[in-house]
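Participant: Contents of my_file-v6.txt (compact mmCIF, C-alpha atoms (C1' of nucleotides) and all ligand atoms):
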```txt
# COMPACT_ATOMS: atom_id res chain seq x y z
CA MET J 1 0.00 0.00 0.00
CA LYS J 2 1.48 3.27 -1.15
CA TYR J 3 0.30 6.73 -1.97
CA SER J 4 0.48 7.09 -5.73
CA LYS J 5 3.00 9.29 -7.44
CA ALA J 6 0.06 11.25 -8.77
CA THR J 7 -0.67 12.34 -5.21
CA ASN J 8 2.90 13.43 -4.82
CA TYR J 9 2.67 15.51 -8.00
CA ALA J 10 -0.60 17.03 -6.88
CA LEU J 11 0.74 18.04 -3.49
CA HIS J 12 3.82 19.64 -5.01
CA THR J 13 1.78 21.45 -7.61
CA MET J 14 -0.58 22.85 -5.03
CA LEU J 15 2.23 23.83 -2.76
CA PHE J 16 3.90 25.68 -5.59
CA LEU J 17 0.71 27.48 -6.52
CA VAL J 18 0.21 28.46 -2.91
CA ALA J 19 3.73 29.61 -2.34
CA TYR J 20 4.72 31.35 -5.53
CA ALA J 21 1.77 31.86 -7.81
CA PRO J 22 0.77 35.38 -8.51
CA ASP J 23 -2.67 36.27 -9.73
CA LYS J 24 -2.09 35.21 -13.28
CA PRO J 25 -2.52 31.54 -14.16
CA VAL J 26 0.44 29.18 -14.47
CA GLY J 27 0.71 26.83 -17.43
CA VAL J 28 1.05 23.09 -17.08
CA GLN J 29 4.33 23.30 -18.96
CA GLN J 30 5.98 25.29 -16.20
CA LEU J 31 4.47 23.16 -13.46
CA ALA J 32 5.63 19.98 -15.13
CA GLU J 33 9.20 21.14 -15.64
CA ARG J 34 9.70 21.78 -11.94
CA GLN J 35 8.77 18.20 -11.17
CA ASN J 36 10.31 16.34 -14.07
CA VAL J 37 7.02 14.91 -15.18
CA SER J 38 5.47 15.04 -18.62
CA PRO J 39 3.01 17.89 -19.16
CA THR J 40 0.33 15.61 -20.55
CA TYR J 41 0.39 13.38 -17.53
CA LEU J 42 0.39 16.26 -15.10
CA SER J 43 -2.51 17.77 -16.95
CA LYS J 44 -4.71 14.84 -16.08
CA ILE J 45 -3.83 15.27 -12.46
CA LEU J 46 -4.61 18.96 -12.69
CA THR J 47 -7.95 18.21 -14.27
CA LYS J 48 -8.81 16.18 -11.18
CA LEU J 49 -7.90 19.12 -9.00
CA VAL J 50 -10.12 21.33 -11.14
CA LYS J 51 -13.03 18.95 -10.79
CA ALA J 52 -12.51 18.89 -7.05
CA GLY J 53 -12.84 22.64 -7.02
CA LEU J 54 -9.34 23.27 -5.73
CA VAL J 55 -8.00 25.09 -8.77
CA GLU J 56 -9.53 26.73 -11.80
CA SER J 57 -8.32 26.57 -15.34
CA ALA J 58 -8.33 28.95 -18.28
CA SER J 59 -7.83 27.90 -21.87
CA GLY J 60 -6.12 29.89 -24.54
CA ALA J 61 -3.22 32.27 -24.54
CA ASN J 62 -2.17 33.38 -21.06
CA GLY J 63 -4.27 30.60 -19.71
CA GLY J 64 -3.28 28.00 -17.14
CA TYR J 65 -4.17 27.14 -13.61
CA ARG J 66 -4.71 29.18 -10.50
CA LEU J 67 -5.99 28.52 -7.01
CA ARG J 68 -9.67 28.72 -6.42
CA ARG J 69 -9.55 29.02 -2.66
CA ARG J 70 -7.48 30.83 -0.12
CA LYS J 71 -4.52 28.82 1.08
CA GLU J 72 -6.01 28.75 4.56
CA GLU J 73 -8.89 26.77 3.15
CA ILE J 74 -7.01 24.07 1.26
CA SER J 75 -6.16 20.99 3.28
CA PHE J 76 -3.88 18.06 2.54
CA LEU J 77 -6.94 15.87 2.67
CA ASP J 78 -8.69 17.91 -0.02
CA ILE J 79 -5.82 17.26 -2.38
CA ILE J 80 -5.40 13.61 -1.51
CA HIS J 81 -9.09 12.89 -1.87
CA ALA J 82 -9.14 14.63 -5.23
CA ILE J 83 -6.51 12.22 -6.52
CA GLU J 84 -7.00 9.00 -4.61
CA GLY J 85 -10.75 9.17 -4.20
CA THR J 86 -12.63 8.90 -0.96
CA ALA J 87 -13.20 5.16 -0.72
CA SER J 88 -12.05 3.38 2.39
CA LEU J 89 -8.52 2.00 2.32
CA PHE J 90 -9.84 -1.27 3.61
CA ASP J 91 -12.81 -2.50 1.68
CA CYS J 92 -13.79 -6.07 2.20
CA THR J 93 -15.72 -7.28 -0.82
CA LEU J 94 -17.88 -9.55 1.27
CA ASN J 95 -19.87 -6.98 3.13
CA HIS J 96 -20.94 -8.79 6.26
CA SER J 97 -23.26 -6.04 7.34
CA SER J 98 -22.28 -2.86 9.09
CA GLU J 99 -21.39 -4.79 12.18
CA CYS J 100 -18.16 -6.05 10.70
CA LEU J 101 -15.65 -5.67 13.49
CA ILE J 102 -12.53 -5.64 11.39
CA GLN J 103 -13.77 -3.07 8.94
CA GLN J 104 -15.04 -0.87 11.75
CA GLU J 105 -11.64 -0.69 13.32
CA MET J 106 -9.83 -0.16 10.06
CA VAL J 107 -12.14 2.69 9.15
CA LYS J 108 -11.61 4.29 12.55
CA ALA J 109 -7.86 4.03 12.13
CA GLU J 110 -8.03 5.62 8.75
CA GLY J 111 -10.19 8.33 10.25
CA GLN J 112 -7.34 9.27 12.55
CA MET J 113 -5.06 9.86 9.63
CA GLU J 114 -7.72 11.78 7.77
CA GLU J 115 -8.38 14.00 10.72
CA TYR J 116 -4.78 15.06 10.77
CA LEU J 117 -4.76 15.68 7.04
CA ARG J 118 -8.06 17.56 7.19
CA ASN J 119 -6.62 20.01 9.66
CA LYS J 120 -3.30 20.50 7.94
CA MET J 121 -3.65 23.46 5.61
CA MET J 122 -1.47 24.55 2.75
CA SER J 123 -1.01 27.90 4.44
CA GLU J 124 0.96 26.23 7.21
CA LEU J 125 3.62 25.05 4.80
CA ALA J 126 3.74 28.04 2.50
CA GLY J 127 5.66 30.21 4.90
CA LYS J 128 8.27 27.60 5.68
CA LEU J 129 9.24 26.90 2.10
CA THR J 130 12.86 27.15 1.10
CA GLU J 131 14.19 27.68 -2.38
CA SER J 132 15.04 24.07 -3.19
CA HIS J 133 11.74 22.74 -1.94
CA MET S 1 -4.13 3.30 -2.46
CA LYS S 2 -5.68 0.26 -0.89
CA TYR S 3 -4.83 -2.28 1.75
CA SER S 4 -4.04 -5.53 -0.03
CA LYS S 5 -6.29 -8.53 0.10
CA ALA S 6 -3.40 -10.31 1.75
CA THR S 7 -3.80 -8.01 4.74
CA ASN S 8 -7.47 -8.87 4.84
CA TYR S 9 -6.68 -12.57 4.84
CA ALA S 10 -4.08 -12.09 7.55
CA LEU S 11 -6.44 -10.19 9.81
CA HIS S 12 -9.18 -12.77 9.43
CA THR S 13 -6.79 -15.62 10.02
CA MET S 14 -5.44 -14.05 13.16
CA LEU S 15 -8.89 -13.22 14.42
CA PHE S 16 -9.94 -16.79 13.89
CA LEU S 17 -6.94 -18.14 15.70
CA VAL S 18 -7.58 -15.77 18.56
CA ALA S 19 -11.26 -16.50 18.82
CA TYR S 20 -11.55 -20.20 18.17
CA ALA S 21 -8.19 -21.87 18.17
CA PRO S 22 -7.57 -24.39 20.85
CA ASP S 23 -4.10 -25.41 21.86
CA LYS S 24 -3.50 -27.69 18.94
CA PRO S 25 -2.34 -26.15 15.68
CA VAL S 26 -4.74 -25.42 12.85
CA GLY S 27 -3.83 -26.45 9.30
CA VAL S 28 -3.74 -24.02 6.42
CA GLN S 29 -6.36 -26.13 4.68
CA GLN S 30 -8.95 -25.32 7.28
CA LEU S 31 -7.98 -21.67 7.49
CA ALA S 32 -8.18 -21.29 3.74
CA GLU S 33 -11.60 -22.89 3.42
CA ARG S 34 -13.16 -20.39 5.76
CA GLN S 35 -11.97 -17.53 3.58
CA ASN S 36 -12.39 -19.00 0.14
CA VAL S 37 -8.76 -18.57 -0.70
CA SER S 38 -6.35 -21.16 -2.00
CA PRO S 39 -4.29 -22.92 0.65
CA THR S 40 -1.04 -22.33 -1.18
CA TYR S 41 -1.60 -18.60 -1.33
CA LEU S 42 -2.69 -18.35 2.26
CA SER S 43 0.36 -20.32 3.27
CA LYS S 44 2.67 -17.59 2.02
CA ILE S 45 0.76 -15.08 4.05
CA LEU S 46 1.03 -17.29 7.06
CA THR S 47 4.74 -17.65 6.53
CA LYS S 48 5.01 -13.89 6.82
CA LEU S 49 3.12 -14.00 10.09
CA VAL S 50 5.50 -16.69 11.29
CA LYS S 51 8.53 -14.59 10.37
CA ALA S 52 7.02 -11.65 12.19
CA GLY S 53 6.78 -13.80 15.30
CA LEU S 54 3.01 -13.63 15.54
CA VAL S 55 2.32 -17.31 14.97
CA GLU S 56 4.37 -20.46 15.05
CA SER S 57 4.20 -23.36 12.69
CA ALA S 58 4.67 -27.10 13.00
CA SER S 59 5.36 -29.38 10.08
CA GLY S 60 4.17 -32.92 9.72
CA ALA S 61 1.08 -34.74 10.78
CA ASN S 62 -1.04 -32.82 13.29
CA GLY S 63 0.98 -29.78 12.41
CA GLY S 64 -0.27 -26.35 11.46
CA TYR S 65 -0.29 -22.89 12.95
CA ARG S 66 -0.95 -21.53 16.39
CA LEU S 67 -0.58 -18.20 18.09
CA ARG S 68 2.72 -17.36 19.59
CA ARG S 69 1.57 -14.53 21.81
CA ARG S 70 -1.38 -13.87 24.04
CA LYS S 71 -4.24 -12.14 22.28
CA GLU S 72 -3.79 -9.12 24.52
CA GLU S 73 -0.37 -8.67 22.97
CA ILE S 74 -1.24 -8.84 19.29
CA SER S 75 -2.17 -5.55 17.69
CA PHE S 76 -3.72 -4.75 14.34
CA LEU S 77 -0.53 -2.93 13.51
CA ASP S 78 1.59 -6.01 14.17
CA ILE S 79 -0.40 -7.92 11.59
CA ILE S 80 -0.52 -5.14 9.03
CA HIS S 81 3.18 -4.49 9.29
CA ALA S 82 3.91 -8.18 8.87
CA ILE S 83 2.11 -8.17 5.54
CA GLU S 84 2.52 -4.69 4.13
CA GLY S 85 5.93 -3.92 5.51
CA THR S 86 6.88 -0.91 7.58
CA ALA S 87 7.88 1.58 4.92
CA SER S 88 6.19 4.94 4.87
CA LEU S 89 3.06 5.20 2.75
CA PHE S 90 4.42 8.34 1.22
CA ASP S 91 7.95 7.96 0.03
CA CYS S 92 9.27 10.61 -2.24
CA THR S 93 12.10 9.19 -4.31
CA LEU S 94 13.90 12.51 -4.41
CA ASN S 95 14.90 12.77 -0.81
CA HIS S 96 15.30 16.49 -0.30
CA SER S 97 16.82 16.06 3.11
CA SER S 98 14.95 15.41 6.31
CA GLU S 99 13.54 18.91 6.23
CA CYS S 100 11.06 18.02 3.53
CA LEU S 101 7.85 19.63 4.65
CA ILE S 102 5.44 17.51 2.67
CA GLN S 103 6.94 14.23 3.74
CA GLN S 104 7.07 15.34 7.34
CA GLU S 105 3.35 16.01 7.40
CA MET S 106 2.46 12.83 5.56
CA VAL S 107 4.50 10.77 7.97
CA LYS S 108 2.85 12.45 10.93
CA ALA S 109 -0.57 11.75 9.48
CA GLU S 110 0.31 8.14 8.95
CA GLY S 111 1.57 8.04 12.50
CA GLN S 112 -1.92 8.91 13.72
CA MET S 113 -3.35 5.90 11.96
CA GLU S 114 -0.59 3.67 13.22
CA GLU S 115 -1.10 4.79 16.77
CA TYR S 116 -4.69 3.69 16.62
CA LEU S 117 -3.77 0.36 15.10
CA ARG S 118 -0.96 -0.17 17.58
CA ASN S 119 -3.35 0.18 20.49
CA LYS S 120 -6.09 -1.95 19.03
CA MET S 121 -5.55 -5.49 20.22
CA MET S 122 -6.99 -8.73 18.96
CA SER S 123 -8.38 -9.42 22.40
CA GLU S 124 -10.78 -6.51 22.02
CA LEU S 125 -12.47 -8.12 19.06
CA ALA S 126 -12.37 -11.73 20.14
CA GLY S 127 -15.19 -11.38 22.63
CA LYS S 128 -17.49 -9.57 20.25
CA LEU S 129 -17.32 -12.16 17.51
CA THR S 130 -20.54 -13.61 16.17
CA GLU S 131 -20.93 -16.89 14.38
CA SER S 132 -21.04 -15.52 10.83
CA HIS S 133 -18.05 -13.31 11.36
C1' DT K 1 11.74 -47.57 8.57
C1' DA K 2 8.08 -46.31 5.44
C1' DT K 3 4.21 -43.50 4.59
C1' DA K 4 1.16 -39.95 5.10
C1' DT K 5 0.87 -35.24 6.46
C1' DT K 6 2.01 -30.61 6.67
C1' DA K 7 4.84 -26.31 6.14
C1' DT K 8 8.47 -23.70 3.16
C1' DA K 9 10.41 -21.93 -0.93
C1' DG K 10 11.00 -20.65 -5.67
C1' DA K 11 9.57 -20.10 -10.26
C1' DT K 12 6.09 -18.67 -12.97
C1' DA K 13 1.61 -17.10 -14.69
C1' DA K 14 -2.50 -14.23 -14.67
C1' DA K 15 -4.95 -10.25 -13.30
C1' DT K 16 -5.15 -5.64 -11.90
C1' DA K 17 -3.65 -1.05 -11.20
C1' DA K 18 -0.57 2.81 -11.93
C1' DA K 19 2.16 5.60 -14.86
C1' DG K 20 2.90 7.56 -18.99
C1' DT K 21 2.19 8.71 -24.18
C1' DC K 22 -0.18 10.24 -28.31
C1' DT K 23 -3.63 12.52 -30.71
C1' DT K 24 -7.77 15.09 -31.29
C1' DT K 25 -10.88 18.54 -29.87
C1' DG K 26 -12.37 22.83 -27.98
C1' DA K 27 -11.74 27.32 -25.82
C1' DT K 28 -9.42 31.82 -25.60
C1' DT K 29 -6.56 35.63 -26.70
C1' DA K 30 -4.16 38.85 -29.53
C1' DT U 1 -6.79 34.01 -38.41
C1' DA U 2 -3.00 32.10 -35.98
C1' DA U 3 -0.98 30.92 -31.82
C1' DT U 4 -1.70 29.13 -27.22
C1' DC U 5 -3.36 26.32 -23.81
C1' DA U 6 -6.66 22.89 -21.31
C1' DA U 7 -9.70 18.53 -21.70
C1' DA U 8 -10.61 14.09 -23.11
C1' DG U 9 -10.10 9.48 -24.93
C1' DA U 10 -7.56 5.69 -26.67
C1' DC U 11 -3.70 3.44 -26.05
C1' DT U 12 0.90 1.48 -24.32
C1' DT U 13 4.07 0.37 -20.91
C1' DT U 14 5.46 -0.79 -16.37
C1' DA U 15 4.77 -2.30 -11.73
C1' DT U 16 2.31 -4.64 -8.27
C1' DT U 17 -0.77 -7.92 -6.54
C1' DT U 18 -2.81 -12.23 -6.66
C1' DA U 19 -2.60 -16.82 -7.56
C1' DT U 20 -0.81 -21.37 -9.19
C1' DC U 21 2.42 -25.15 -9.66
C1' DT U 22 6.07 -27.92 -8.22
C1' DA U 23 9.69 -29.48 -5.50
C1' DT U 24 11.76 -29.86 -0.94
C1' DA U 25 12.02 -30.32 4.03
C1' DA U 26 10.21 -31.54 8.50
C1' DT U 27 7.40 -34.42 11.57
C1' DA U 28 4.28 -37.87 13.44
C1' DT U 29 2.67 -42.44 13.64
C1' DA U 30 1.77 -46.95 11.98
S1 LIG I 201 -15.95 -9.90 8.98
FE1 LIG I 201 -15.86 -7.88 7.89
S2 LIG I 201 -13.89 -7.87 6.87
FE2 LIG I 201 -14.36 -10.02 7.41
S3 LIG I 201 -15.38 -10.90 5.64
FE3 LIG I 201 -16.99 -10.12 6.97
S4 LIG I 201 -17.34 -8.01 6.20
FE4 LIG I 201 -15.37 -8.64 5.38
S1 LIG I 202 9.97 18.55 -1.12
FE1 LIG I 202 9.91 16.51 -0.13
S2 LIG I 202 8.33 15.41 -1.17
FE2 LIG I 202 8.91 17.15 -2.47
S3 LIG I 202 10.53 16.42 -3.86
FE3 LIG I 202 11.55 17.26 -2.08
S4 LIG I 202 11.82 15.45 -0.71
FE4 LIG I 202 10.27 14.89 -2.19
```
What does this structure look like when you write it as structure tokens?

Facilitator:
Amino acid sequence: MKYSKATNYALHTMLFLVAYAPDKPVGVQQLAERQNVSPTYLSKILTKLVKAGLVESASGANGGYRLRRRKEEISFLDIIHAIEGTASLFDCTLNHSSECLIQQEMVKAEGQMEEYLRNKMMSELAGKLTESH
Amino acid sequence: MKYSKATNYALHTMLFLVAYAPDKPVGVQQLAERQNVSPTYLSKILTKLVKAGLVESASGANGGYRLRRRKEEISFLDIIHAIEGTASLFDCTLNHSSECLIQQEMVKAEGQMEEYLRNKMMSELAGKLTESH
DNA sequence: TATATTATAGATAAATAAAGTCTTTGATTA
DNA sequence: TAATCAAAGACTTTATTTATCTATAATATA
């Protein structure tokens, strides 16, 4: 079980937008170069972020992506859910009713992680950023 | 990102051993039937549990698997780590030093989940088990 | 000792998921 | 109109997970 690389790309992209982006949109080209990932692949990730309402896009010349919310209102969990989806990490195919003891505990455990991520906002990292990161 | 089915099998196997197993070992055949999984596949999972010190095995007639610790001393996390390994869920290949802000937060978040799983013991579930589960 | 029983290990195959590419379309600006 | 940029779909490649098959080793008991 691993977080996908797509999630890594998404987090870095968001962090960049939060930390450095001015008002004008940033193109996928520029975002991709910073991360050594192909623009076409990153664009699919960005489209997910758009659909999740985290960023907005503009086509055409001078287009690109920009944040749609204030950095105080964007959590790690928002970004992760946009990429990984919101399904439980532990989903037993045989659904032995809601009383399933194992699943209950696994979901609670996951909830602990999510709570941390829900409360960790982009704004908290933006200030601490150094050049190389 | 999903927990593997192997982890599911491992949790069910351990729960069964905790709840029903007498002193004599249980064969992989029997364990596999309950879960509709092939004995050979389950046996590799069990071997991991053996190597993690959670169960012990005995070859030969009347052999099989039995718990190696008291149920109060077996945590969800023990079992999950035995199967999934202990590496971080978020591992950026480019290791930008230990000061990496993103990784730091992701590891902390994961730590919250692990803490819950570390404190959740098999003994807590054993009593609540119903027939069908 | 011989035989049946059971776990361990390794190679391999099949299935699934993730990562990445290519190409077309559509929107926007200058 | 021409250049620029995002969105979408089909597709390929790679990696991981799941599962099977076979051979070997250990043990009990008849
Ligand atoms: S007990 Fe829960 S996890 Fe196990 S098979 Fe039933 S529903 Fe699935
Ligand atoms: S900032 Fe952290 S997560 Fe990002 S590339 Fe550097 S080490 Fe990896």

Participant: Counting all atoms listed in the file, which residues from chain J have an atom at most 9 Å from any atom of chain U, and could you show them as a list in words?

Facilitator: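 Here they are: Gly27, Val28, Ser43, Lys44, Thr47, Ser57, Ala58, Ser59, Gly60, Ala61, Asn62, Gly63 and Gly64 of chain J.
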
Participant: Calculate how many Å separate C1' of DA27 in chain K from CA of Thr7 in chain J, rounding to one decimal.

Facilitator: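 These atoms are spaced 27.8 Å apart.
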
Participant: Please return the superposed copy of chain J as a tab-separated table (two decimals) with C-alpha atoms, in the frame of the given file; the fit should be least squares onto chain S across all sequentially paired Cα atoms.

Facilitator:
```
chain	number	residue	atom	x	y	z
J	1	MET	CA	-4.13	3.32	-2.46
J	2	LYS	CA	-5.69	0.27	-0.88
J	3	TYR	CA	-4.83	-2.25	1.75
J	4	SER	CA	-4.02	-5.48	-0.04
J	5	LYS	CA	-6.26	-8.50	0.09
J	6	ALA	CA	-3.38	-10.29	1.75
J	7	THR	CA	-3.82	-8.00	4.73
J	8	ASN	CA	-7.48	-8.84	4.83
J	9	TYR	CA	-6.68	-12.56	4.83
J	10	ALA	CA	-4.10	-12.10	7.54
J	11	LEU	CA	-6.45	-10.19	9.81
J	12	HIS	CA	-9.19	-12.78	9.41
J	13	THR	CA	-6.79	-15.62	10.01
J	14	MET	CA	-5.46	-14.06	13.17
J	15	LEU	CA	-8.89	-13.23	14.40
J	16	PHE	CA	-9.96	-16.81	13.88
J	17	LEU	CA	-6.93	-18.15	15.69
J	18	VAL	CA	-7.59	-15.79	18.56
J	19	ALA	CA	-11.26	-16.51	18.81
J	20	TYR	CA	-11.57	-20.21	18.20
J	21	ALA	CA	-8.21	-21.91	18.19
J	22	PRO	CA	-7.57	-24.40	20.88
J	23	ASP	CA	-4.09	-25.40	21.88
J	24	LYS	CA	-3.51	-27.69	18.96
J	25	PRO	CA	-2.34	-26.16	15.69
J	26	VAL	CA	-4.73	-25.44	12.83
J	27	GLY	CA	-3.84	-26.45	9.29
J	28	VAL	CA	-3.72	-24.02	6.41
J	29	GLN	CA	-6.35	-26.10	4.65
J	30	GLN	CA	-8.97	-25.31	7.27
J	31	LEU	CA	-7.98	-21.66	7.47
J	32	ALA	CA	-8.17	-21.28	3.72
J	33	GLU	CA	-11.59	-22.88	3.38
J	34	ARG	CA	-13.17	-20.38	5.75
J	35	GLN	CA	-11.99	-17.53	3.58
J	36	ASN	CA	-12.39	-18.96	0.11
J	37	VAL	CA	-8.75	-18.54	-0.72
J	38	SER	CA	-6.35	-21.13	-2.05
J	39	PRO	CA	-4.27	-22.89	0.61
J	40	THR	CA	-1.01	-22.27	-1.22
J	41	TYR	CA	-1.58	-18.56	-1.38
J	42	LEU	CA	-2.66	-18.33	2.22
J	43	SER	CA	0.39	-20.28	3.23
J	44	LYS	CA	2.66	-17.55	1.97
J	45	ILE	CA	0.76	-15.04	4.02
J	46	LEU	CA	1.04	-17.29	7.05
J	47	THR	CA	4.76	-17.63	6.52
J	48	LYS	CA	5.01	-13.85	6.81
J	49	LEU	CA	3.13	-13.98	10.08
J	50	VAL	CA	5.51	-16.67	11.29
J	51	LYS	CA	8.52	-14.58	10.39
J	52	ALA	CA	7.01	-11.64	12.22
J	53	GLY	CA	6.78	-13.78	15.31
J	54	LEU	CA	3.01	-13.62	15.54
J	55	VAL	CA	2.31	-17.30	14.98
J	56	GLU	CA	4.36	-20.46	15.07
J	57	SER	CA	4.21	-23.35	12.70
J	58	ALA	CA	4.69	-27.09	13.01
J	59	SER	CA	5.35	-29.40	10.10
J	60	GLY	CA	4.18	-32.94	9.77
J	61	ALA	CA	1.08	-34.75	10.86
J	62	ASN	CA	-1.04	-32.79	13.33
J	63	GLY	CA	0.99	-29.78	12.43
J	64	GLY	CA	-0.29	-26.34	11.47
J	65	TYR	CA	-0.29	-22.90	12.94
J	66	ARG	CA	-0.93	-21.55	16.39
J	67	LEU	CA	-0.58	-18.20	18.10
J	68	ARG	CA	2.73	-17.33	19.59
J	69	ARG	CA	1.54	-14.53	21.83
J	70	ARG	CA	-1.39	-13.87	24.07
J	71	LYS	CA	-4.24	-12.15	22.30
J	72	GLU	CA	-3.78	-9.13	24.53
J	73	GLU	CA	-0.37	-8.68	22.99
J	74	ILE	CA	-1.25	-8.86	19.31
J	75	SER	CA	-2.17	-5.56	17.71
J	76	PHE	CA	-3.72	-4.75	14.35
J	77	LEU	CA	-0.53	-2.92	13.52
J	78	ASP	CA	1.58	-6.01	14.18
J	79	ILE	CA	-0.41	-7.91	11.60
J	80	ILE	CA	-0.52	-5.13	9.05
J	81	HIS	CA	3.19	-4.47	9.30
J	82	ALA	CA	3.91	-8.16	8.88
J	83	ILE	CA	2.11	-8.14	5.54
J	84	GLU	CA	2.51	-4.66	4.15
J	85	GLY	CA	5.94	-3.90	5.54
J	86	THR	CA	6.87	-0.89	7.59
J	87	ALA	CA	7.88	1.58	4.90
J	88	SER	CA	6.19	4.94	4.85
J	89	LEU	CA	3.05	5.20	2.74
J	90	PHE	CA	4.41	8.34	1.20
J	91	ASP	CA	7.95	7.95	0.00
J	92	CYS	CA	9.24	10.60	-2.29
J	93	THR	CA	12.08	9.18	-4.35
J	94	LEU	CA	13.89	12.49	-4.44
J	95	ASN	CA	14.90	12.74	-0.84
J	96	HIS	CA	15.31	16.45	-0.29
J	97	SER	CA	16.83	16.02	3.12
J	98	SER	CA	14.96	15.40	6.32
J	99	GLU	CA	13.54	18.87	6.21
J	100	CYS	CA	11.06	17.97	3.51
J	101	LEU	CA	7.85	19.61	4.63
J	102	ILE	CA	5.45	17.48	2.66
J	103	GLN	CA	6.94	14.19	3.72
J	104	GLN	CA	7.06	15.31	7.34
J	105	GLU	CA	3.37	15.97	7.39
J	106	MET	CA	2.47	12.81	5.56
J	107	VAL	CA	4.51	10.74	7.97
J	108	LYS	CA	2.84	12.43	10.93
J	109	ALA	CA	-0.57	11.71	9.46
J	110	GLU	CA	0.29	8.11	8.95
J	111	GLY	CA	1.55	8.01	12.51
J	112	GLN	CA	-1.93	8.89	13.71
J	113	MET	CA	-3.38	5.89	11.98
J	114	GLU	CA	-0.61	3.66	13.24
J	115	GLU	CA	-1.11	4.79	16.78
J	116	TYR	CA	-4.70	3.70	16.65
J	117	LEU	CA	-3.78	0.36	15.13
J	118	ARG	CA	-0.95	-0.16	17.62
J	119	ASN	CA	-3.35	0.16	20.50
J	120	LYS	CA	-6.10	-1.97	19.05
J	121	MET	CA	-5.55	-5.52	20.24
J	122	MET	CA	-6.99	-8.74	18.96
J	123	SER	CA	-8.38	-9.44	22.41
J	124	GLU	CA	-10.77	-6.53	22.04
J	125	LEU	CA	-12.47	-8.13	19.06
J	126	ALA	CA	-12.38	-11.74	20.17
J	127	GLY	CA	-15.17	-11.38	22.66
J	128	LYS	CA	-17.50	-9.59	20.28
J	129	LEU	CA	-17.33	-12.16	17.53
J	130	THR	CA	-20.53	-13.62	16.19
J	131	GLU	CA	-20.92	-16.89	14.37
J	132	SER	CA	-20.99	-15.53	10.82
J	133	HIS	CA	-18.00	-13.28	11.35
```

Participant: Which chain S residues are at most 7 Å from chain J (counting all atoms listed in the file), as number ranges by chain?

Facilitator: S: 1-4, 84, 89-90, 101, 109-110, 112-113, 116-117, 125

Participant: Kindly assemble as a tab-separated table a list of the chain K residues that lie within 7 Å of chain J, each paired with its nearest atom pair and their distance in Å to one decimal, using all atoms listed in the file, sorted first by chain and then by ascending residue number.

Facilitator:
```
residue	atom	partner	partner_atom	distance
K:DG20	C1'	J:Tyr41	CA	6.5
K:DA27	C1'	J:Ser59	CA	5.6
K:DT28	C1'	J:Gly60	CA	4.0
K:DT29	C1'	J:Ala61	CA	5.2
```

Participant: Rounded to one decimal in Å, what is the spacing between CA of Arg68 in chain S and CA of Leu17 in chain S?

Facilitator: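 If I compute the distance from CA of Arg68 in chain S to CA of Leu17 in chain S, I get 10.4 Å.
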